[in-house]
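Next comes data-v9.txt, a file with compact mmCIF, C-alpha atoms.
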# COMPACT_ATOMS: atom_id res chain seq x y z
CA MET A 264 38.90 5.01 -17.32
CA ASN A 265 36.32 7.61 -16.16
CA GLU A 266 36.85 10.57 -13.82
CA LEU A 267 35.34 8.77 -10.81
CA SER A 268 37.76 5.82 -11.11
CA ILE A 269 40.75 8.13 -11.53
CA GLY A 270 39.58 10.19 -8.54
CA ALA A 271 39.35 7.06 -6.37
CA ILE A 272 42.86 5.95 -7.40
CA LEU A 273 44.29 9.41 -6.68
CA LEU A 274 42.63 9.48 -3.26
CA VAL A 275 44.20 6.14 -2.36
CA VAL A 276 47.61 7.32 -3.61
CA LEU A 277 47.33 10.58 -1.65
CA PHE A 278 46.43 8.99 1.69
CA SER A 279 49.00 6.22 1.18
CA LEU A 280 51.76 8.81 0.68
CA LEU A 281 50.61 10.91 3.65
CA ALA A 282 50.37 7.81 5.86
CA SER A 283 53.92 6.85 4.87
CA GLY A 284 55.22 10.17 6.17
CA THR A 285 55.97 11.72 2.78
CA TRP A 286 56.08 15.51 2.80
CA VAL A 287 52.70 17.07 2.00
CA ALA A 288 54.09 19.02 -0.98
CA LEU A 289 55.77 15.92 -2.47
CA SER A 290 52.57 13.93 -1.94
CA LEU A 291 50.55 16.53 -3.87
CA ILE A 292 53.08 16.61 -6.72
CA SER A 293 53.19 12.79 -6.89
CA VAL A 294 49.39 12.52 -7.03
CA ALA A 295 49.28 15.11 -9.82
CA ILE A 296 51.88 13.17 -11.86
CA VAL A 297 49.97 9.90 -11.37
CA GLY A 298 46.75 11.63 -12.50
CA MET A 299 48.41 13.05 -15.62
CA LEU A 300 49.87 9.65 -16.53
CA LEU A 301 46.47 7.97 -16.07
CA ILE A 302 44.96 10.23 -18.76
CA GLY A 303 47.97 9.73 -21.03
CA ASN A 304 49.48 13.21 -20.63
CA ASP A 305 53.28 12.96 -20.34
CA SER A 306 53.95 16.73 -20.45
CA PHE A 307 53.73 17.01 -16.68
CA GLY A 308 57.28 18.42 -16.39
CA LEU A 309 56.50 21.48 -18.51
CA ILE A 310 53.08 21.93 -16.86
CA TYR A 311 54.66 21.69 -13.39
CA GLY A 312 57.27 24.32 -14.24
CA THR A 313 54.86 26.90 -15.67
CA THR A 314 52.15 26.31 -13.04
CA THR A 315 54.35 26.48 -9.96
CA TRP A 316 56.26 29.55 -11.18
CA GLY A 317 52.99 31.36 -11.82
CA THR A 318 51.78 30.48 -8.32
CA VAL A 319 54.84 31.25 -6.17
CA SER A 320 55.71 34.45 -8.07
CA ASP A 321 52.36 36.04 -7.15
CA TRP A 322 53.15 39.44 -5.56
CA SER A 323 50.40 38.92 -2.93
CA LEU A 324 52.54 36.16 -1.40
CA ALA A 325 55.31 38.64 -0.56
CA ALA A 326 53.40 39.48 2.63
CA LEU A 327 53.66 35.88 3.81
CA PRO A 328 57.39 35.63 4.76
CA LEU A 329 57.31 39.18 6.14
CA PHE A 330 54.46 38.50 8.57
CA ILE A 331 56.11 35.21 9.56
CA TRP A 332 59.40 37.02 10.22
CA MET A 333 57.62 39.65 12.31
CA GLY A 334 56.16 36.90 14.48
CA GLU A 335 59.54 35.18 14.75
CA ILE A 336 61.20 38.40 15.97
CA LEU A 337 58.56 38.90 18.68
CA PHE A 338 58.72 35.20 19.58
CA ARG A 339 62.43 35.49 20.41
CA THR A 340 62.52 38.84 22.21
CA ARG A 341 61.33 40.24 25.53
CA LEU A 342 58.29 41.85 23.92
CA SER A 343 56.31 38.61 24.21
CA ASN A 344 56.96 38.46 27.98
CA ASP A 345 55.63 42.00 28.34
CA LEU A 346 52.20 40.75 27.28
CA PHE A 347 51.89 38.50 30.36
CA GLU A 348 53.31 41.04 32.80
CA GLY A 349 51.13 43.84 31.40
CA LEU A 350 47.84 41.93 31.56
CA THR A 351 48.23 40.18 34.94
CA PRO A 352 47.34 43.10 37.30
CA TRP A 353 44.17 43.94 35.32
CA LEU A 354 42.73 40.41 35.38
CA SER A 355 43.26 39.43 39.00
CA ARG A 356 39.67 40.26 40.13
CA ILE A 357 37.77 38.77 37.14
CA PRO A 358 36.43 35.17 37.57
CA GLY A 359 39.07 33.02 35.92
CA ALA A 360 41.74 35.63 36.74
CA LEU A 361 45.03 34.70 35.09
CA LEU A 362 43.42 32.09 32.83
CA HIS A 363 42.28 35.08 30.77
CA VAL A 364 45.94 35.97 30.19
CA ASN A 365 46.10 32.98 27.83
CA ILE A 366 43.12 34.23 25.85
CA LEU A 367 43.98 37.93 25.66
CA SER A 368 47.71 37.34 25.11
CA CYS A 369 46.93 34.90 22.28
CA GLY A 370 44.51 37.43 20.77
CA MET A 371 47.10 40.21 20.89
CA PHE A 372 49.99 38.07 19.71
CA ALA A 373 47.86 36.59 16.90
CA ALA A 374 47.41 40.12 15.60
CA VAL A 375 51.15 40.48 15.06
CA SER A 376 52.26 36.93 14.24
CA GLY A 377 49.55 35.54 11.94
CA SER A 378 50.54 32.00 12.93
CA SER A 379 48.60 29.59 15.13
CA ALA A 380 51.63 27.49 16.10
CA ALA A 381 53.77 30.57 16.88
CA THR A 382 50.96 32.04 19.00
CA ALA A 383 50.44 28.85 21.03
CA ALA A 384 54.19 28.29 21.49
CA THR A 385 55.04 31.87 22.47
CA ILE A 386 52.20 32.40 24.92
CA GLY A 387 52.44 28.85 26.30
CA LYS A 388 56.12 29.27 27.19
CA MET A 389 55.22 32.34 29.24
CA THR A 390 51.91 31.41 30.83
CA LEU A 391 51.83 27.66 31.52
CA PRO A 392 54.73 27.58 34.04
CA GLU A 393 53.35 30.67 35.81
CA LEU A 394 49.78 29.29 35.95
CA LYS A 395 51.08 25.97 37.29
CA ARG A 396 53.17 27.75 39.93
CA LYS A 397 50.12 29.71 41.09
CA GLY A 398 48.02 26.52 41.39
CA TYR A 399 45.59 26.90 38.46
CA ASP A 400 43.75 23.84 37.13
CA ASP A 401 46.09 22.11 34.69
CA LYS A 402 43.42 21.08 32.19
CA MET A 403 41.82 24.50 32.04
CA ALA A 404 45.19 26.21 31.62
CA ILE A 405 46.01 23.89 28.71
CA GLY A 406 42.49 24.17 27.25
CA THR A 407 42.45 27.97 27.19
CA LEU A 408 45.87 27.98 25.53
CA ALA A 409 44.91 25.34 22.93
CA GLY A 410 41.68 27.09 22.01
CA SER A 411 43.04 30.64 22.02
CA GLY A 412 46.17 29.62 20.12
CA THR A 413 43.96 29.00 17.08
CA LEU A 414 43.20 32.74 16.96
CA GLY A 415 46.47 33.13 15.05
CA LEU A 416 44.68 31.68 12.02
CA LEU A 417 41.81 34.15 12.03
CA ILE A 418 42.81 37.49 13.58
CA PRO A 419 44.60 39.49 10.86
CA PRO A 420 47.28 39.44 9.65
CA SER A 421 46.57 35.74 9.11
CA ILE A 422 48.93 33.62 7.04
CA ILE A 423 46.16 31.21 6.10
CA LEU A 424 43.93 34.08 4.90
CA ILE A 425 46.77 35.19 2.60
CA VAL A 426 47.01 31.63 1.26
CA TYR A 427 43.23 31.41 0.75
CA GLY A 428 43.13 34.84 -0.90
CA VAL A 429 45.79 33.80 -3.42
CA SER A 430 44.20 30.38 -4.05
CA ALA A 431 40.64 31.72 -4.40
CA GLU A 432 41.59 35.07 -6.00
CA VAL A 433 39.84 37.04 -3.24
CA SER A 434 41.16 40.41 -1.99
CA ILE A 435 43.52 39.78 0.95
CA SER A 436 42.80 43.23 2.41
CA ARG A 437 39.04 42.49 2.43
CA LEU A 438 39.69 39.08 4.01
CA PHE A 439 41.74 40.73 6.76
CA ILE A 440 38.91 43.18 7.44
CA ALA A 441 36.34 40.35 7.36
CA GLY A 442 38.29 38.36 9.96
CA ALA A 443 38.29 41.16 12.56
CA LEU A 444 34.73 40.83 13.97
CA PRO A 445 34.67 36.98 14.01
CA GLY A 446 38.06 37.07 15.76
CA LEU A 447 36.74 39.47 18.41
CA MET A 448 33.62 37.30 18.77
CA LEU A 449 35.77 34.24 19.44
CA VAL A 450 37.82 36.06 22.09
CA LEU A 451 34.60 37.08 23.88
CA MET A 452 33.21 33.52 23.63
CA PHE A 453 36.40 32.09 25.16
CA ILE A 454 36.37 34.69 27.95
CA GLY A 455 32.68 34.03 28.63
CA TYR A 456 33.20 30.28 28.89
CA THR A 457 36.24 30.73 31.17
CA ILE A 458 34.24 33.01 33.50
CA PHE A 459 31.36 30.47 33.55
CA TRP A 460 33.74 27.56 34.26
CA SER A 461 35.50 29.48 37.03
CA ILE A 462 32.23 30.34 38.79
CA LYS A 463 31.04 26.70 38.53
CA ASN A 464 34.39 25.31 39.72
CA LYS A 465 35.49 27.67 42.48
CA ALA A 466 37.13 24.80 44.39
CA ARG A 467 39.53 24.25 41.48
CA MET A 468 40.56 27.91 41.36
CA PRO A 469 43.49 29.12 43.51
CA VAL A 470 42.92 31.81 46.09
CA ASP A 471 44.92 34.88 45.11
CA ASP A 472 44.94 37.72 47.64
CA THR A 473 47.48 39.80 45.76
CA HIS A 474 46.37 43.41 45.63
CA TYR A 475 47.53 45.61 42.79
CA SER A 476 47.44 49.35 43.30
CA THR A 477 46.20 51.68 40.58
CA SER A 478 49.74 52.90 39.95
CA THR A 479 50.97 49.30 39.58
CA LYS A 480 48.19 48.57 37.09
CA PHE A 481 49.02 51.58 34.93
CA LYS A 482 52.73 50.86 35.15
CA ALA A 483 52.00 47.32 33.87
CA LEU A 484 49.83 48.78 31.11
CA LEU A 485 52.85 50.66 29.79
CA LYS A 486 54.41 47.29 28.88
CA LEU A 487 51.52 46.62 26.49
CA ILE A 488 51.88 49.91 24.62
CA PRO A 489 54.73 48.89 22.25
CA VAL A 490 53.00 45.73 20.98
CA ALA A 491 49.60 47.48 20.91
CA CYS A 492 51.05 50.31 18.80
CA LEU A 493 52.57 47.79 16.40
CA VAL A 494 49.21 46.00 16.02
CA ILE A 495 47.28 49.25 15.51
CA PHE A 496 49.81 50.56 13.00
CA VAL A 497 49.97 47.35 10.91
CA LEU A 498 46.25 46.63 10.84
CA GLY A 499 45.14 50.26 10.83
CA SER A 500 47.19 51.04 7.74
CA ILE A 501 45.58 48.10 5.91
CA TYR A 502 42.03 48.90 7.06
CA ALA A 503 42.42 52.58 6.18
CA GLY A 504 43.64 51.68 2.70
CA ILE A 505 46.95 53.49 3.24
CA THR A 506 49.07 50.38 2.58
CA THR A 507 48.71 47.01 0.93
CA PRO A 508 49.14 43.90 3.14
CA THR A 509 52.69 43.49 1.76
CA GLU A 510 53.65 47.08 2.57
CA ALA A 511 52.07 46.78 6.03
CA ALA A 512 54.04 43.57 6.63
CA SER A 513 57.27 45.39 5.70
CA PHE A 514 56.50 48.16 8.18
CA GLY A 515 55.57 45.50 10.74
CA VAL A 516 58.98 43.85 10.44
CA LEU A 517 60.71 47.23 10.69
CA GLY A 518 58.59 48.15 13.72
CA SER A 519 59.25 44.84 15.51
CA LEU A 520 63.00 45.24 14.89
CA ILE A 521 62.95 48.80 16.27
CA LEU A 522 60.96 47.69 19.34
CA ALA A 523 63.30 44.75 19.91
CA ILE A 524 66.37 47.02 19.64
CA THR A 525 64.95 49.70 21.97
CA SER A 526 64.00 47.05 24.54
CA ARG A 527 67.59 45.70 24.29
CA SER A 528 66.34 42.17 23.65
CA LEU A 529 67.60 41.81 20.07
CA THR A 530 70.93 40.03 19.72
CA TRP A 531 72.74 38.75 16.67
CA GLN A 532 71.69 35.22 17.67
CA THR A 533 67.99 36.08 17.98
CA LEU A 534 68.11 37.95 14.66
CA THR A 535 69.65 35.01 12.77
CA ASP A 536 67.32 32.54 14.52
CA SER A 537 64.29 34.63 13.55
CA LEU A 538 65.48 34.81 9.94
CA MET A 539 66.07 31.06 9.73
CA GLY A 540 62.71 30.33 11.36
CA ALA A 541 60.95 32.60 8.86
CA VAL A 542 62.81 31.08 5.89
CA LYS A 543 62.00 27.50 6.92
CA THR A 544 58.30 28.21 7.51
CA SER A 545 57.94 30.28 4.32
CA CYS A 546 59.66 27.64 2.18
CA MET A 547 57.42 24.93 3.62
CA ILE A 548 54.27 26.92 2.84
CA LEU A 549 55.41 27.92 -0.67
CA PHE A 550 56.38 24.32 -1.48
CA ILE A 551 52.91 23.15 -0.42
CA LEU A 552 51.31 25.94 -2.49
CA ALA A 553 53.35 24.94 -5.54
CA GLY A 554 52.38 21.28 -5.14
CA ALA A 555 48.71 22.16 -4.67
CA ALA A 556 48.72 24.44 -7.73
CA PHE A 557 50.15 21.61 -9.85
CA LEU A 558 47.54 19.20 -8.48
CA THR A 559 44.81 21.74 -9.23
CA VAL A 560 45.88 21.94 -12.89
CA ALA A 561 46.13 18.14 -13.10
CA MET A 562 42.60 17.78 -11.71
CA GLY A 563 41.45 20.31 -14.30
CA PHE A 564 42.93 18.15 -17.09
CA ILE A 565 41.25 15.07 -15.61
CA GLY A 566 37.92 16.89 -15.19
CA LEU A 567 37.42 16.15 -11.49
CA PRO A 568 36.30 19.66 -10.37
CA ARG A 569 33.74 19.81 -13.19
CA MET A 570 32.48 16.32 -12.38
CA LEU A 571 32.17 17.07 -8.66
CA ALA A 572 30.38 20.37 -9.31
CA GLU A 573 27.95 18.59 -11.64
CA GLU A 574 27.31 15.84 -9.09
CA ILE A 575 26.67 18.39 -6.33
CA SER A 576 24.35 20.26 -8.69
CA ILE A 577 22.41 17.07 -9.46
CA MET A 578 22.05 16.35 -5.72
CA GLN A 579 20.47 19.83 -5.38
CA LEU A 580 21.87 20.33 -1.88
CA SER A 581 20.81 23.42 -0.02
CA PRO A 582 23.64 25.82 0.91
CA TYR A 583 23.30 24.76 4.57
CA MET A 584 23.56 21.04 3.75
CA LEU A 585 26.57 21.74 1.52
CA LEU A 586 28.28 23.64 4.35
CA PHE A 587 27.43 20.86 6.81
CA LEU A 588 29.07 18.22 4.59
CA LEU A 589 32.06 20.48 3.89
CA THR A 590 32.54 21.03 7.64
CA ILE A 591 32.76 17.28 8.19
CA LEU A 592 35.17 16.97 5.24
CA PHE A 593 37.47 19.77 6.50
CA VAL A 594 37.55 18.45 10.08
CA ILE A 595 38.42 14.95 8.82
CA LEU A 596 41.15 16.35 6.55
CA GLY A 597 42.41 18.43 9.47
CA CYS A 598 43.04 15.20 11.40
CA PHE A 599 45.70 14.31 8.82
CA LEU A 600 46.89 17.59 7.29
CA ASP A 601 47.94 21.02 8.58
CA GLY A 602 45.55 23.93 8.02
CA ILE A 603 47.37 25.49 5.06
CA SER A 604 47.46 22.13 3.26
CA VAL A 605 43.71 21.71 3.79
CA VAL A 606 43.01 25.14 2.27
CA VAL A 607 45.24 24.83 -0.80
CA LEU A 608 44.24 21.21 -1.43
CA THR A 609 40.49 21.80 -1.38
CA THR A 610 39.92 25.38 -2.54
CA SER A 611 40.09 24.69 -6.28
CA VAL A 612 37.66 21.76 -6.02
CA VAL A 613 35.26 23.21 -3.48
CA LEU A 614 35.01 26.84 -4.65
CA PRO A 615 33.03 26.08 -7.87
CA MET A 616 30.42 24.24 -5.75
CA VAL A 617 30.33 27.07 -3.22
CA THR A 618 29.84 29.82 -5.81
CA GLN A 619 27.24 27.71 -7.62
CA ALA A 620 25.34 27.45 -4.32
CA GLY A 621 25.33 31.26 -4.09
CA ILE A 622 27.78 31.48 -1.16
CA ASP A 623 30.03 34.55 -1.02
CA PRO A 624 33.72 33.51 -1.48
CA LEU A 625 34.72 36.24 1.00
CA TRP A 626 32.43 34.77 3.69
CA PHE A 627 33.57 31.26 2.77
CA GLY A 628 37.18 32.25 3.44
CA ILE A 629 36.37 33.10 7.07
CA TYR A 630 34.20 29.99 7.38
CA ILE A 631 36.99 27.70 6.15
CA VAL A 632 39.49 29.30 8.55
CA LEU A 633 37.13 28.72 11.50
CA VAL A 634 36.72 25.07 10.53
CA VAL A 635 40.48 24.71 10.09
CA GLU A 636 40.86 26.22 13.58
CA MET A 637 38.70 23.36 14.85
CA SER A 638 41.02 20.87 13.16
CA GLN A 639 44.05 22.46 14.88
CA ILE A 640 42.85 20.98 18.19
CA THR A 641 41.56 17.69 16.75
CA PRO A 642 43.72 14.56 17.21
CA PRO A 643 45.79 12.92 15.81
CA VAL A 644 47.48 15.75 13.88
CA GLY A 645 46.13 18.95 15.42
CA PHE A 646 49.19 21.22 15.21
CA ASN A 647 48.32 23.14 18.37
CA LEU A 648 48.03 19.86 20.28
CA PHE A 649 51.58 18.92 19.29
CA VAL A 650 52.90 22.36 20.23
CA ILE A 651 51.29 22.22 23.67
CA GLN A 652 52.30 18.59 24.18
CA SER A 653 55.92 19.59 23.60
CA LEU A 654 55.52 22.42 26.14
CA THR A 655 53.85 20.33 28.84
CA GLY A 656 55.04 16.77 28.27
CA LYS A 657 51.44 15.60 28.64
CA ASN A 658 49.86 12.81 26.59
CA ILE A 659 48.35 14.06 23.29
CA LEU A 660 44.90 12.70 24.26
CA TYR A 661 45.09 14.54 27.61
CA VAL A 662 45.75 17.79 25.74
CA ALA A 663 42.95 17.03 23.24
CA LYS A 664 40.49 16.36 26.07
CA ALA A 665 41.44 19.66 27.73
CA ALA A 666 40.85 21.48 24.42
CA LEU A 667 37.47 19.80 23.74
CA PRO A 668 35.23 22.61 25.18
CA PHE A 669 37.00 25.11 22.93
CA PHE A 670 36.48 22.81 19.94
CA PHE A 671 32.73 23.06 20.60
CA LEU A 672 33.00 26.85 21.02
CA LEU A 673 34.63 27.04 17.57
CA MET A 674 31.83 24.87 16.20
CA ALA A 675 29.30 27.26 17.77
CA ALA A 676 31.11 30.18 16.10
CA VAL A 677 30.71 28.45 12.70
CA VAL A 678 26.96 28.09 13.37
CA VAL A 679 26.71 31.77 14.39
CA ILE A 680 28.41 33.16 11.27
CA THR A 681 26.32 30.81 9.12
CA ALA A 682 23.10 32.07 10.72
CA PHE A 683 24.32 35.69 10.69
CA PRO A 684 26.72 36.08 7.73
CA GLU A 685 26.71 39.87 8.25
CA ILE A 686 29.21 39.32 11.10
CA VAL A 687 31.73 38.54 8.36
CA THR A 688 30.54 40.68 5.45
CA TRP A 689 29.34 43.90 7.14
CA LEU A 690 32.73 45.44 7.97
CA PRO A 691 34.47 44.89 4.58
CA THR A 692 31.32 46.02 2.72
CA THR A 693 31.00 49.17 4.86
CA MET A 694 34.68 50.07 4.60
CA THR A 695 34.72 49.45 0.84
CA LYS A 696 31.75 51.79 0.37
CA GLY A 697 33.41 54.36 2.62

So that I can check it, write out the structure of this file as structure tokens.
Amino acid sequence: MNELSIGAILLVVLFSLLASGTWVALSLISVAIVGMLLIGNDSFGLIYGTTTWGTVSDWSLAALPLFIWMGEILFRTRLSNDLFEGLTPWLSRIPGALLHVNILSCGMFAAVSGSSAATAATIGKMTLPELKRKGYDDKMAIGTLAGSGTLGLLIPPSIILIVYGVSAEVSISRLFIAGALPGLMLVLMFIGYTIFWSIKNKARMPVDDTHYSTSTKFKALLKLIPVACLVIFVLGSIYAGITTPTEAASFGVLGSLILAITSRSLTWQTLTDSLMGAVKTSCMILFILAGAAFLTVAMGFIGLPRMLAEEISIMQLSPYMLLFLLTILFVILGCFLDGISVVVLTTSVVLPMVTQAGIDPLWFGIYIVLVVEMSQITPPVGFNLFVIQSLTGKNILYVAKAALPFFFLLMAAVVVITAFPEIVTWLPTTMTKG
């Protein structure tokens, strides 16, 4: 049996297991075992043990549960509400007004949580009821939240960038730095579209005559200072080279706990809930990573990565055509898998093709995160769609339709960084030289 036949069988097994509702990690492990048995290798138990231990004991992964816990603490305390209250007075006169609270709050919260789902859930709980009460267009309110919620994947500290860095053996600090400018670009694109939509659809915008005095605005701004300081401290220490991502995550947890205590919003219940939330999410991610690492080794034994790289080489695809086909592949996979699963499942197979095509793995990390962001708002399994559906009670297709303009904005962002890769590479290259 040749590699192509084995690959086809494994693909059928994988999608059959996923369609049956089997956990992603168990599906990956099962496919790896089937592949090993098909080539007559019955030492999969020993290989699984050594491979998974080597993967999950990587020190770089220590930052993962810490950043998740930091987001969980902020999710359950009053600090997240301060974002909405602090931004509202400053946005009242801009076209789109409070719709921008979704975008800016998601951008700020993404910089301390690193999670797309946590960002969408936290900001959505605060903003959607308030926007509905004030008479804002339902679809646009949901759309801005769905699109901006994906910023949690890109704006550092990003959990998925940590996972990619470990899988692709790329510096996590450099990935964090590389994600800063594309993240800012996305925020500006979302704001620009919201302003354009608001001007074109004035009849669907509520009339708000509330006047905020200068003193009120600056008093509201004070509420943003604690979270802003936390963001600047965590990211600034990484960018300046003072701390590693893991050390910065530790300080981030300590800082969020101090802020929660001083704001008197940390209780024993919220502390234990945040710990349990962080443990559950971290275990899920590490289990998927372990399964993907085992599958990667199994595919190496079978020879699938080598065969695919050779086939791509024979096709002599240009880098742009390769990226075009990979974009389609990642969006399709994103319809069935969560973003982290897409990254760990494909990195080992795709990276040899990418490096052979002369594409920088650092740039590719930001590219793959942007494409995964697109999949987060793609039905039927876009995670952000499920989060927002649970918040609103709306039909999943209604939420997906509301998010569609932001899907195209993400697609445009992929085109922009492909045409101008310096948007990704300039900052980490400059800071490394410095």

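Excluding stretch 384-396 of chain A itself and same-chain residues fewer than 5 positions from it, the residues having an atom within 9 Å of it are Leu337, Phe338, Arg339, Ser343, Asn344, Leu346, Phe347, Leu361, Leu362, Val364, Asn365, Ser368, Cys369, Phe372, Ser379, Asp401, Ala404, Ile405, Leu408, Ala409, Gly412, Asn647, Val650, Ile651, Leu654 and Thr655 of chain A, counting all atoms listed in the file.
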
Contacts of A:Trp316 at 10 Å (only C-alpha atoms; same-chain gap of 4+ positions) as a list in words: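 Those residues are Tyr311, Gly312, Ser320, Asp321, Ala553 and Ala556 of chain A.
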
Residue among A:Pro358, A:Pro419, A:Gly284, A:Gly621 lying closest to A:Tyr583, counting only C-alpha atoms: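 For A:Tyr583, the nearest of the given residues is A:Gly621.
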
Between atom CA of A:Leu485 and atom CA of A:Leu444 - distance in Å to one decimal: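 Value for the atom CA of A:Leu444-atom CA of A:Leu485 distance: 26.0 Å.
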
Nearest residue to A:Thr688 from the set A:Arg356, A:Asp623, A:Gln532, A:Thr318 (distances using all atoms listed in the file):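 The shortest atom-to-atom distance to A:Thr688 comes from A:Asp623.
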
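Distance check against A:Val319 using all atoms listed in the file: of A:Gly563, A:Gly602, A:Pro691, A:Gly554, the minimum falls on A:Gly554.
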
For A:Ala666, the nearest of the candidates A:Thr641, A:Thr590, A:Thr457, A:Thr285, counting only C-alpha atoms: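 Under the stated criterion, the closest residue is A:Thr641.
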
Distance criterion (only C-alpha atoms): nearest to A:Leu329 out of A:Val613, A:Ile422, A:Leu438, A:Val632: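 Closest candidate: A:Ile422.
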
Residue nearest A:Trp322 among A:Ile425, A:Leu449, A:Met371, A:Val542 (counting all atoms listed in the file): A:Ile425

Nearby residues (all atoms listed in the file) at most 12 Å from A:Gly308, same-chain spacing under 4 positions excluded, as a list in words: Ile292, Ser293, Ala295, Ile296, Met299, Leu300, Asn304, Gly312, Thr313, Thr314, Thr315, Phe557 and Ala561 of chain A

Residues within 12 Å of A:Leu451, all atoms listed in the file, excluding chain neighbours under 4 positions, as a PyMOL selection string: chain A and resi 363+366-367+370+411+414+444-447+455-458+672-673+676

Spatial neighbours of A:Gly566, 10 Å, all atoms listed in the file, chain gap at least 4 places, as a PyMOL selection string: chain A and resi 265-267+269-270+560-562+570-571

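The space between atom CA of A:Gly540 and atom CA of A:Ala511 spans 20.3 Å.
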
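Around the coordinate (52.1, 42.0, 32.3), residues that reach within 9 Å when counting all atoms listed in the file are Asn344, Asp345, Leu346, Phe347, Glu348, Gly349, Leu350, Thr351, Pro352, Trp353, Val364, Ala483, Leu484, Lys486 and Leu487 of chain A.
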
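From atom CA of A:Leu690 back to atom CA of A:Leu424, the distance works out to 16.2 Å.
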